[in-house]
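Just below is one structure, and these are the notes that go with it.
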Amino acid sequence: MRILQYGAVAFLLLSITFSSTPTIHAQTGLVVPPGFRIDVFYPGLTNPTSMTWGPDGDLYISQQTGEIIQLAIGSDGFPSGSLLVGKVPGDLLGLVIVGDSLFTSYTGNVARLSIQKGASNSTQVILSGLPTGRHQNDEIIYGKDGYLYMGIGSTGDRTNGSDPRSATIVRFKPDGSEFEVFAKGLRNPYGLAFDSEGNLFATDNGPDDPSAPDELNYIVKGGDYGFPNDFGTPAAGDGTMGPVALLQTHSSSDGFAFYYGTQFPAEYVGNAFIAQWGANSGDPSIGQRIVRVPLDKVADGFEGQEVVFATGFNHPIDVIEDHIGDLLVADYGTGTIYRISYESSPPTATTQTNPNALETYAPELLLTTLIVLIVAIIVLRRRVLKA
């Protein structure tokens, strides 16, 4: 009888060990709203800076070190393979594909790469000698008017130097012709995006000043946005344009995208989702998150207010909507692309779980199981001998 009793105890201990296996997860500290989940989409990159979709349905990623990575996307929406398709000699901050050409924005230059069958076969510099210093030329996007638009940061913290192209948004044709300053007075307009109606918006990083916030701006041709004299809401009558939303000071608000997918709840549709890289000081309370800005039309443009959406990143730098209506986030600091999705039946936890958690903990679980089994056998043997 005692043998049966102790055998039952051993079996119970083993059952508890095995039944606990599915609840063991690797937590990362990433937090999203209830109903959402976040997964690793693609790891192992080196300081990713920008993302763009190609006509082939593949995702192209720039890295600050100059490499351009092509991710083939499988039927499940996740990458099925990767390929290095090009490299430029400078800090690569932006890229966009127009037809079969990939345009790159790197230190002082814009280059055009011809992409054919997954490989770059030529590189042509179409713009060079752009102003660089404290900042450089940033993200680049393509408009329905046939122009490429690009931000160029200021050469100083609170000065834009003598080059009229510094601290501006410029536009030009894909061959580099018809270059012009489209808007000025923007200290570091890193991220650019068009909304569904073709309105142009840009993020702008404020200077190292505790009273100077980052901004989201509605960009109009010929607009002056105040730099180097005005930051945040301008004084009445000074002739400059104020932001549509004030963003966290020192957060380095960078790449962003408007969401028009069908997977998120209606309140998120049309929002600008902005990656905030974080403070140069490393203060973890500043940036390192994704915020959203719901925008309302007003008489002179738009207005909105930032709302925290996802936290716990290292240095997120760009956001893009994927083919199925989820959001992809490029984290510069970890070299990881994450995917944020919405579930109709939300889990109770809002932090990321590792989809391979069971594999990660399998050795530990096996060891624990063996130890429990050995202890149970020893106890059982001693009890039997004493009996």
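Chains: A, B, ... in order of the structure tokens. Residues: from 1 per chain. Ligands: from 1, in order shown.
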| task | DSSP on the backbone, then: every residue of region 136-250 of chain A marked strand (DSSP E), written as an MDAnalysis selection string. | result | chainID A and resid 137:142 148:152 168:172 180:184 192:194 200:204 214:219 245:247
Export of prior selection with C-alpha atoms as a CSV table (one decimal), in the first residue's frame:
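Done, and the output landed in out_24.csv:
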```
chain,number,residue,atom,x,y,z
A,137,ASN,CA,19.7,64.0,-44.7
A,138,ASP,CA,17.1,61.7,-43.2
A,139,GLU,CA,14.1,59.6,-44.4
A,140,ILE,CA,13.0,59.8,-48.0
A,141,ILE,CA,9.5,59.1,-49.4
A,142,TYR,CA,7.7,59.3,-52.8
A,148,LEU,CA,10.8,62.4,-53.9
A,149,TYR,CA,10.6,64.2,-50.5
A,150,MET,CA,13.4,64.2,-47.9
A,151,GLY,CA,14.3,65.9,-44.7
A,152,ILE,CA,17.7,67.5,-44.1
A,168,THR,CA,14.5,71.9,-44.5
A,169,ILE,CA,12.4,69.5,-46.3
A,170,VAL,CA,13.4,69.3,-50.0
A,171,ARG,CA,11.9,67.6,-53.0
A,172,PHE,CA,13.2,66.6,-56.4
A,180,GLU,CA,13.9,72.7,-54.4
A,181,VAL,CA,13.4,73.6,-50.8
A,182,PHE,CA,9.8,72.7,-50.1
A,183,ALA,CA,9.6,73.9,-46.4
A,184,LYS,CA,12.1,75.4,-44.0
A,192,LEU,CA,8.0,62.0,-43.4
A,193,ALA,CA,4.7,60.5,-44.3
A,194,PHE,CA,1.6,61.2,-46.4
A,200,LEU,CA,2.4,65.7,-46.0
A,201,PHE,CA,3.5,65.4,-42.3
A,202,ALA,CA,6.9,65.4,-40.6
A,203,THR,CA,8.4,64.8,-37.2
A,204,ASP,CA,10.9,67.3,-36.0
A,214,ASP,CA,9.6,67.5,-30.4
A,215,GLU,CA,6.9,68.1,-32.9
A,216,LEU,CA,4.6,66.6,-35.5
A,217,ASN,CA,4.1,69.1,-38.3
A,218,TYR,CA,1.7,69.5,-41.2
A,219,ILE,CA,3.9,70.4,-44.1
A,245,ALA,CA,1.0,68.0,-32.0
A,246,LEU,CA,3.6,68.6,-29.3
A,247,LEU,CA,5.7,65.5,-28.6
```
| task | For region 59-68 of chain A, list every protein, DNA or RNA residue within 9 Å, evaluated using only C-alpha atoms, and leave out those in the same chain fewer than 4 positions away; present the list as JSON, numbers by chain. | result | {"A": [45, 46, 47, 48, 49, 50, 51, 52, 53, 54, 72, 73, 79, 83, 84, 85, 86, 87, 88, 89, 90, 91, 92, 93, 94, 95, 96, 97, 104, 106, 322, 330, 332]}
Dump C-alpha atoms for the selected residues as an mmCIF file, in the first residue's frame?
```cif
data_model
loop_
_atom_site.group_PDB
_atom_site.id
_atom_site.type_symbol
_atom_site.label_atom_id
_atom_site.label_comp_id
_atom_site.auth_asym_id
_atom_site.auth_seq_id
_atom_site.Cartn_x
_atom_site.Cartn_y
_atom_site.Cartn_z
ATOM 1 C CA LEU A 45 19.974 43.222 -37.738
ATOM 2 C CA THR A 46 22.600 45.898 -37.105
ATOM 3 C CA ASN A 47 21.029 49.253 -36.217
ATOM 4 C CA PRO A 48 18.062 49.275 -38.642
ATOM 5 C CA THR A 49 16.953 52.799 -39.567
ATOM 6 C CA SER A 50 14.112 52.643 -42.113
ATOM 7 C CA MET A 51 11.699 50.227 -43.799
ATOM 8 C CA THR A 52 9.860 50.270 -47.123
ATOM 9 C CA TRP A 53 7.766 47.825 -49.149
ATOM 10 C CA GLY A 54 8.759 46.758 -52.637
ATOM 11 C CA ALA A 72 11.038 37.769 -48.527
ATOM 12 C CA ILE A 73 7.641 37.544 -46.839
ATOM 13 C CA PRO A 79 9.965 36.531 -43.342
ATOM 14 C CA LEU A 83 19.232 38.860 -48.842
ATOM 15 C CA LEU A 84 21.799 41.665 -48.827
ATOM 16 C CA VAL A 85 20.919 43.640 -51.957
ATOM 17 C CA GLY A 86 23.141 46.703 -51.701
ATOM 18 C CA LYS A 87 25.444 48.898 -49.649
ATOM 19 C CA VAL A 88 26.240 52.607 -49.649
ATOM 20 C CA PRO A 89 29.296 54.363 -48.115
ATOM 21 C CA GLY A 90 27.711 56.386 -45.333
ATOM 22 C CA ASP A 91 25.133 56.528 -42.551
ATOM 23 C CA LEU A 92 22.036 55.185 -44.311
ATOM 24 C CA LEU A 93 18.885 56.643 -42.763
ATOM 25 C CA GLY A 94 16.208 56.299 -45.425
ATOM 26 C CA LEU A 95 15.108 54.332 -48.455
ATOM 27 C CA VAL A 96 12.103 54.121 -50.738
ATOM 28 C CA ILE A 97 11.306 52.062 -53.828
ATOM 29 C CA THR A 104 18.748 55.689 -50.539
ATOM 30 C CA TYR A 106 22.820 58.562 -46.704
ATOM 31 C CA ASP A 322 2.314 45.478 -43.103
ATOM 32 C CA ALA A 330 12.222 48.709 -36.247
ATOM 33 C CA TYR A 332 17.603 50.354 -33.703
#
```
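The smallest atom-to-atom distance between Asn109 (chain A) and any of A:Gly287, A:Gly129, A:Gly176, A:Gly81, using only C-alpha atoms, is found for A:Gly129.
Candidate residues A:Gly312, A:Lys221, A:Val244, A:Asp331 were compared for distance to Ala275 (chain A), and the nearest is A:Asp331, using only C-alpha atoms.
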| message | Please report the interatomic distance between CA of Thr336 (chain A) and CA of Asp58 (chain A) in Å with one decimal. | response |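 Interatomic distance, CA of Thr336 (chain A) to CA of Asp58 (chain A): 16.9 Å.
Atom pair CA of Gly333 (chain A) / CA of Gln288 (chain A) has a distance of 9.6 Å (rounded to one decimal).
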| message | I need the residue nearest Glu303 (chain A) from this list: A:Ile286, A:Thr155, A:Ile340, A:Asn271. Use only C-alpha atoms for the distance. | response |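 Of A:Ile286, A:Thr155, A:Ile340, A:Asn271, the one nearest Glu303 (chain A) is A:Asn271, counting only C-alpha atoms.
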Write out as a PDB file with N, CA and C atoms, in the first residue's frame each polymer residue whose atoms come within 12 Å of Ser285 (chain A), counting only C-alpha atoms; drop sequence neighbours fewer than 5 positions from it.
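Result went into part_22.pdb, see below:
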```
ATOM      1  N   GLN A 248       6.927  64.477 -26.790  1.00  0.00           N
ATOM      2  CA  GLN A 248       7.776  64.491 -25.599  1.00  0.00           C
ATOM      3  C   GLN A 248       9.138  65.121 -25.890  1.00  0.00           C
ATOM      4  N   THR A 249       9.563  66.010 -25.006  1.00  0.00           N
ATOM      5  CA  THR A 249      10.850  66.687 -25.137  1.00  0.00           C
ATOM      6  C   THR A 249      12.001  65.687 -25.080  1.00  0.00           C
ATOM      7  N   HIS A 250      12.964  65.869 -25.979  1.00  0.00           N
ATOM      8  CA  HIS A 250      14.181  65.038 -26.055  1.00  0.00           C
ATOM      9  C   HIS A 250      13.920  63.592 -26.481  1.00  0.00           C
ATOM     10  N   SER A 251      12.693  63.279 -26.913  1.00  0.00           N
ATOM     11  CA  SER A 251      12.360  61.885 -27.212  1.00  0.00           C
ATOM     12  C   SER A 251      12.901  61.414 -28.556  1.00  0.00           C
ATOM     13  N   GLN A 276       9.670  56.824 -31.062  1.00  0.00           N
ATOM     14  CA  GLN A 276      10.484  57.762 -30.303  1.00  0.00           C
ATOM     15  C   GLN A 276      11.734  57.049 -29.809  1.00  0.00           C
ATOM     16  N   TRP A 277      12.855  57.403 -30.403  1.00  0.00           N
ATOM     17  CA  TRP A 277      14.135  56.728 -30.188  1.00  0.00           C
ATOM     18  C   TRP A 277      14.581  56.807 -28.738  1.00  0.00           C
ATOM     19  N   GLY A 278      14.441  57.983 -28.142  1.00  0.00           N
ATOM     20  CA  GLY A 278      14.865  58.169 -26.753  1.00  0.00           C
ATOM     21  C   GLY A 278      15.873  59.296 -26.630  1.00  0.00           C
ATOM     22  N   ALA A 279      16.247  59.583 -25.392  1.00  0.00           N
ATOM     23  CA  ALA A 279      17.156  60.694 -25.109  1.00  0.00           C
ATOM     24  C   ALA A 279      18.610  60.280 -25.270  1.00  0.00           C
ATOM     25  N   ASN A 280      19.438  61.235 -25.715  1.00  0.00           N
ATOM     26  CA  ASN A 280      20.876  60.972 -25.815  1.00  0.00           C
ATOM     27  C   ASN A 280      21.482  60.692 -24.445  1.00  0.00           C
ATOM     28  N   THR A 311       5.421  50.475 -25.084  1.00  0.00           N
ATOM     29  CA  THR A 311       6.638  50.852 -24.363  1.00  0.00           C
ATOM     30  C   THR A 311       7.572  49.651 -24.197  1.00  0.00           C
ATOM     31  N   GLY A 312       8.778  49.929 -23.692  1.00  0.00           N
ATOM     32  CA  GLY A 312       9.726  48.865 -23.383  1.00  0.00           C
ATOM     33  C   GLY A 312      10.740  48.577 -24.465  1.00  0.00           C
ATOM     34  N   PHE A 313      10.771  49.379 -25.524  1.00  0.00           N
ATOM     35  CA  PHE A 313      11.750  49.178 -26.590  1.00  0.00           C
ATOM     36  C   PHE A 313      13.114  49.696 -26.153  1.00  0.00           C
ATOM     37  N   ASN A 314      14.118  49.376 -26.951  1.00  0.00           N
ATOM     38  CA  ASN A 314      15.447  49.920 -26.705  1.00  0.00           C
ATOM     39  C   ASN A 314      15.552  51.294 -27.365  1.00  0.00           C
TER      40      ASN A 314
END
```
| What separation in Å, quoted to one decimal, exists between CA of Phe231 (chain A) and CA of Val110 (chain A)? | 28.7 Å
